[in-house]
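> One structure, pasted below without further comment.
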Amino acid sequence: MTKVNVISGFLGAGKTTLIQKLIKDVFEGKKVVLVENEFGEIGIDGGFLKEAGIIINEVNGGCICCTLRGDFHKALEKVNNEYHPDRIIIEPSGVGKLSDILSIVKSVEGLELDSYSTVVDAKRCRTYHKNFKDFFDDQIATASCVILSRTQMCDEAKVQEDLDIIHELNPDARVITTPWDELDGKAIFEAMTGSSNGFPEGIEVYEDDDDDDDDHDHEHEEHDHDHEEHEHHHHHDHGDAEEKANEGLSEGNRIHLGGDEEEEEHHHHHHHHEDGPDADDVFDSIGIETINKYTEAEIREALAKLPENIVRAKGIVPAEEGGWLFFDYVPGDADVRKGSAAYTGLITVIGEHVDIELMKQLFRVH
């Protein structure tokens with residue numbers, strides 16, 4: 001049996017940073033496969049984890065529903081059957097539901113759930129609890145261990161406010177409040193695994209209904225109806241929108257919007273949710289490929305001008321002075337540092353009703 005550790009968390013909570021710490025302190029010398037589930041077409045974090053010798057299997061695609069309930073299931077089967085790892089680490093999308101992920105893990109033979117944790121940004125817990133309950137609250141309510149990040153930036157009153165929210169959603173969860181710099185990765189991992197004892201109650205085995213045509217037709221009708229009523233859904237015309245977004249761009253610059261038409265068709269035919277909206281109903285994911293070179297000051301200036309509807313931005317781009325720059329943004333915080341090269345400059349911006357033209361302007365994509 002291959003042990004599985006699921007590390008969920010909202011956009012920008014610090015999942016990748018935690019995984020890097022665990023790889024260094026806990027998993028060194030082990031055969032580990034990381035299965036990432038990015039929201040949007042451009043996967044960026046994989047490059048940094050590959051440097052640690054981890055096999056990366058990225059599952060990208062704008063239609064998060066299909067990625068979770070179709071490709072993700074296949075990805076888990078594939079990595080387990082082909083690589084036979086000692087351990088699989090699953091890093092779901094920041095806007096993925098932990099309960100959905102666990103349902104799929106439960107359906108794959110040969111996997112043993114070792115832990116299922118959620119990383120929560122201590123500085124933004126209350127804000128995300130208020131604004132993105134469908135995704136954020138599910139991640140907390142389902143987890144056996146909640147790992148607070150950035151507690152060193154918060155006072156005691158703020159941390160206590162976070163604990164009140166977490167315990168209201170999940171009275172039994174073990175919560176790590178100590179700043180990560182003060183903890184060895186082994187201590188965090190022991191808390192994660194020590195709080196887990198099999199699957200939580202209510203997690204049903206995911207069943208693939210690809211062969212049930214009658215259900216497809218029924219779900220198609222229901223799903224269309226749901227999307228007509230949901231004011232946030234605006235991806236059906238993304239093909240035309242993407243073509244328009246790329247008009248006049250120089251060679252080497254390209255904009256990607258969400259998933260492709262095949263994914264949208266799959267989304268309509270196979271997936272109807274009764275437990276709240278899907279991520280692609282609520283969020284836009286804008287991917288940018290660029291050959292532009294930037295200075296650190298230019299990146300910081302662009303990030304400082306991002307409007308309040310942007311909840312996440314990250315990228316790796318060529319630096320003007322040579323080498324590459326990696327940047328990481330959540331509202332109120334930006335980190336820019338040196339990184340390893342990517343096949344081209346990559347930028348991802350996620351938010352509600354993202355202004356594509358403004359993003360092109362801020363990141364000089366012409």
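In the structure tokens, chains take letters A, B, ... by order of appearance, with residues numbered from 1 within each chain and ligands from 1 in the order shown.
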If you count only C-alpha atoms, which residues fall within 6 Å of stretch 119-129 of chain A, apart from same-chain ones fewer than 6 positions away, as a PyMOL selection string?
chain A and resi 9+13+146-151
> Just the selected residues (N, CA, C and O atoms), exported as a PDB file, in the first residue's frame, please.

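Saved to result-v4.pdb:
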ATOM      1  N   GLY A   9      -5.417  23.672   1.177  1.00  0.00           N
ATOM      2  CA  GLY A   9      -5.301  25.039   1.677  1.00  0.00           C
ATOM      3  C   GLY A   9      -5.722  26.018   0.607  1.00  0.00           C
ATOM      4  O   GLY A   9      -5.549  25.762  -0.592  1.00  0.00           O
ATOM      5  N   ALA A  13      -1.911  29.991   0.670  1.00  0.00           N
ATOM      6  CA  ALA A  13      -1.794  29.733   2.111  1.00  0.00           C
ATOM      7  C   ALA A  13      -0.384  29.306   2.517  1.00  0.00           C
ATOM      8  O   ALA A  13       0.024  29.497   3.659  1.00  0.00           O
ATOM      9  N   VAL A 146      -5.210  21.245  11.110  1.00  0.00           N
ATOM     10  CA  VAL A 146      -5.158  22.565  10.475  1.00  0.00           C
ATOM     11  C   VAL A 146      -3.829  23.215  10.854  1.00  0.00           C
ATOM     12  O   VAL A 146      -3.484  23.316  12.036  1.00  0.00           O
ATOM     13  N   ILE A 147      -3.072  23.620   9.839  1.00  0.00           N
ATOM     14  CA  ILE A 147      -1.733  24.169  10.054  1.00  0.00           C
ATOM     15  C   ILE A 147      -1.772  25.655   9.720  1.00  0.00           C
ATOM     16  O   ILE A 147      -1.889  26.042   8.552  1.00  0.00           O
ATOM     17  N   LEU A 148      -1.703  26.504  10.740  1.00  0.00           N
ATOM     18  CA  LEU A 148      -1.732  27.944  10.517  1.00  0.00           C
ATOM     19  C   LEU A 148      -0.374  28.416  10.011  1.00  0.00           C
ATOM     20  O   LEU A 148       0.670  28.071  10.573  1.00  0.00           O
ATOM     21  N   SER A 149      -0.382  29.188   8.945  1.00  0.00           N
ATOM     22  CA  SER A 149       0.839  29.802   8.428  1.00  0.00           C
ATOM     23  C   SER A 149       0.848  31.290   8.775  1.00  0.00           C
ATOM     24  O   SER A 149      -0.199  31.879   9.034  1.00  0.00           O
ATOM     25  N   ARG A 150       2.041  31.872   8.794  1.00  0.00           N
ATOM     26  CA  ARG A 150       2.238  33.307   9.032  1.00  0.00           C
ATOM     27  C   ARG A 150       1.754  33.764  10.414  1.00  0.00           C
ATOM     28  O   ARG A 150       1.399  34.934  10.598  1.00  0.00           O
ATOM     29  N   THR A 151       1.737  32.859  11.386  1.00  0.00           N
ATOM     30  CA  THR A 151       1.322  33.271  12.731  1.00  0.00           C
ATOM     31  C   THR A 151       2.324  34.243  13.345  1.00  0.00           C
ATOM     32  O   THR A 151       1.969  35.025  14.235  1.00  0.00           O
TER      33      THR A 151
END
> Step one, run DSSP on the backbone; step two, keep only residues of stretch 281-350 of chain A assigned to strand (DSSP E); then write them as number ranges by chain.
A: 284-290, 310-318, 324-330, 333-339, 345-350
> For the residues selected in the previous step, produce a file with N, CA, C and O atoms as a compact mmCIF listing (two decimals), in the first residue's frame.

# COMPACT_ATOMS: atom_id res chain seq x y z
N ASP A 284 -11.85 33.57 -12.06
CA ASP A 284 -11.16 33.57 -13.35
C ASP A 284 -9.71 33.20 -13.11
O ASP A 284 -9.09 33.65 -12.15
N SER A 285 -9.16 32.38 -14.00
CA SER A 285 -7.74 32.07 -13.97
C SER A 285 -7.12 32.54 -15.28
O SER A 285 -7.49 32.07 -16.35
N ILE A 286 -6.21 33.49 -15.19
CA ILE A 286 -5.56 34.06 -16.38
C ILE A 286 -4.11 33.59 -16.41
O ILE A 286 -3.35 33.85 -15.49
N GLY A 287 -3.74 32.87 -17.45
CA GLY A 287 -2.36 32.42 -17.62
C GLY A 287 -1.67 33.25 -18.69
O GLY A 287 -2.24 33.52 -19.74
N ILE A 288 -0.45 33.65 -18.42
CA ILE A 288 0.32 34.47 -19.36
C ILE A 288 1.65 33.78 -19.64
O ILE A 288 2.38 33.43 -18.71
N GLU A 289 1.95 33.57 -20.91
CA GLU A 289 3.29 33.16 -21.32
C GLU A 289 3.97 34.38 -21.93
O GLU A 289 3.38 35.06 -22.77
N THR A 290 5.19 34.66 -21.50
CA THR A 290 5.86 35.86 -21.99
C THR A 290 7.37 35.66 -22.08
O THR A 290 7.96 34.93 -21.27
N ILE A 310 -8.24 40.49 -6.95
CA ILE A 310 -7.23 39.46 -7.22
C ILE A 310 -6.84 38.79 -5.91
O ILE A 310 -6.40 39.43 -4.96
N VAL A 311 -7.02 37.47 -5.85
CA VAL A 311 -6.73 36.73 -4.61
C VAL A 311 -5.41 35.97 -4.68
O VAL A 311 -4.92 35.50 -3.65
N ARG A 312 -4.84 35.85 -5.89
CA ARG A 312 -3.59 35.08 -6.02
C ARG A 312 -2.90 35.45 -7.31
O ARG A 312 -3.54 35.62 -8.36
N ALA A 313 -1.59 35.61 -7.24
CA ALA A 313 -0.77 35.77 -8.44
C ALA A 313 0.58 35.14 -8.17
O ALA A 313 1.09 35.19 -7.05
N LYS A 314 1.13 34.50 -9.17
CA LYS A 314 2.47 33.93 -9.04
C LYS A 314 3.07 33.81 -10.43
O LYS A 314 2.37 33.79 -11.44
N GLY A 315 4.38 33.72 -10.47
CA GLY A 315 5.01 33.60 -11.77
C GLY A 315 6.50 33.37 -11.67
O GLY A 315 7.11 33.52 -10.60
N ILE A 316 7.08 32.99 -12.80
CA ILE A 316 8.53 32.89 -12.93
C ILE A 316 8.88 33.48 -14.29
O ILE A 316 8.37 33.05 -15.32
N VAL A 317 9.72 34.52 -14.27
CA VAL A 317 9.99 35.30 -15.49
C VAL A 317 11.49 35.58 -15.60
O VAL A 317 12.21 35.59 -14.60
N PRO A 318 11.97 35.82 -16.85
CA PRO A 318 13.38 36.17 -17.03
C PRO A 318 13.70 37.51 -16.36
O PRO A 318 12.89 38.44 -16.42
N TRP A 324 16.52 34.30 -13.40
CA TRP A 324 15.06 34.30 -13.40
C TRP A 324 14.54 34.77 -12.06
O TRP A 324 15.19 34.59 -11.02
N LEU A 325 13.35 35.39 -12.08
CA LEU A 325 12.68 35.86 -10.88
C LEU A 325 11.41 35.06 -10.65
O LEU A 325 10.62 34.86 -11.57
N PHE A 326 11.21 34.63 -9.41
CA PHE A 326 9.96 33.98 -9.03
C PHE A 326 9.21 34.95 -8.12
O PHE A 326 9.80 35.54 -7.22
N PHE A 327 7.91 35.12 -8.36
CA PHE A 327 7.13 35.97 -7.47
C PHE A 327 5.87 35.26 -7.01
O PHE A 327 5.33 34.39 -7.69
N ASP A 328 5.43 35.67 -5.83
CA ASP A 328 4.33 35.02 -5.16
C ASP A 328 3.52 36.11 -4.47
O ASP A 328 4.06 36.89 -3.67
N TYR A 329 2.20 36.19 -4.76
CA TYR A 329 1.37 37.29 -4.24
C TYR A 329 0.07 36.77 -3.66
O TYR A 329 -0.62 35.94 -4.26
N VAL A 330 -0.28 37.24 -2.48
CA VAL A 330 -1.63 37.18 -1.93
C VAL A 330 -1.91 38.60 -1.45
O VAL A 330 -0.98 39.39 -1.21
N ASP A 333 0.56 40.96 0.59
CA ASP A 333 1.91 40.40 0.71
C ASP A 333 2.44 39.99 -0.66
O ASP A 333 1.75 39.32 -1.43
N ALA A 334 3.68 40.39 -0.94
CA ALA A 334 4.34 39.99 -2.18
C ALA A 334 5.75 39.53 -1.88
O ALA A 334 6.47 40.16 -1.09
N ASP A 335 6.15 38.43 -2.50
CA ASP A 335 7.49 37.89 -2.33
C ASP A 335 8.11 37.73 -3.70
O ASP A 335 7.51 37.12 -4.60
N VAL A 336 9.29 38.30 -3.90
CA VAL A 336 10.02 38.19 -5.17
C VAL A 336 11.41 37.67 -4.85
O VAL A 336 12.12 38.21 -4.00
N ARG A 337 11.83 36.60 -5.54
CA ARG A 337 13.13 36.00 -5.25
C ARG A 337 13.68 35.34 -6.52
O ARG A 337 12.98 35.18 -7.50
N LYS A 338 14.94 34.94 -6.44
CA LYS A 338 15.56 34.26 -7.57
C LYS A 338 14.98 32.86 -7.71
O LYS A 338 14.68 32.19 -6.72
N GLY A 339 14.85 32.40 -8.96
CA GLY A 339 14.33 31.06 -9.21
C GLY A 339 15.03 30.43 -10.39
O GLY A 339 15.82 31.07 -11.08
N GLY A 345 8.64 32.58 -19.82
CA GLY A 345 8.09 33.29 -18.68
C GLY A 345 6.64 32.87 -18.44
O GLY A 345 5.85 32.80 -19.39
N LEU A 346 6.29 32.58 -17.19
CA LEU A 346 4.94 32.11 -16.85
C LEU A 346 4.36 32.96 -15.72
O LEU A 346 5.01 33.17 -14.70
N ILE A 347 3.14 33.44 -15.92
CA ILE A 347 2.45 34.23 -14.91
C ILE A 347 1.02 33.72 -14.79
O ILE A 347 0.35 33.48 -15.81
N THR A 348 0.54 33.53 -13.57
CA THR A 348 -0.85 33.15 -13.33
C THR A 348 -1.49 34.16 -12.39
O THR A 348 -0.89 34.52 -11.37
N VAL A 349 -2.68 34.62 -12.75
CA VAL A 349 -3.44 35.55 -11.92
C VAL A 349 -4.83 34.96 -11.71
O VAL A 349 -5.49 34.54 -12.66
N ILE A 350 -5.28 34.88 -10.45
CA ILE A 350 -6.59 34.31 -10.13
C ILE A 350 -7.39 35.32 -9.31
O ILE A 350 -6.87 35.95 -8.39
> Mind giving me the straight-line distance from atom CA of A:Lys24 to atom CA of A:Ala342 in Å, one decimal?
22.6 Å
> Write down as a PyMOL selection string the residues belonging to stretch 4-179 of chain A that are assigned alpha helix (DSSP H) by DSSP computed on the backbone.
chain A and resi 15-25+46-50+64-66+72-83+98-107+125-131+133-142+156-169
> Rounded to one decimal place, report the atom CA of A:Gly332-atom CA of A:Lys21 distance in Å.
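Atom CA of A:Lys21 lies 23.8 Å from atom CA of A:Gly332.
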> In Å to one decimal, how far is atom CA of A:Asn81 from atom CA of A:Met192?
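Going from atom CA of A:Met192 over to atom CA of A:Asn81 covers 25.8 Å.
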> Just checking: using only C-alpha atoms, which residue out of A:Glu308, A:Glu182, A:Glu321, A:Asp164 ends up closest to A:Asp355?
A:Glu308
> Which residues come within 10 Å of A:Tyr116, counting only C-alpha atoms, excluding same-chain residues fewer than 4 positions away, as a ChimeraX atom specification?
/A:4-8,90,98-99,101-102,139,142-146,192-193,195-200
> Which residue gives the smallest distance to A:Ser340 among A:Leu169, A:Val35, A:Ile356, A:Ala319, with only C-alpha atoms counted?
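Once distances to A:Ser340 are computed over only C-alpha atoms, the minimum belongs to A:Ala319.
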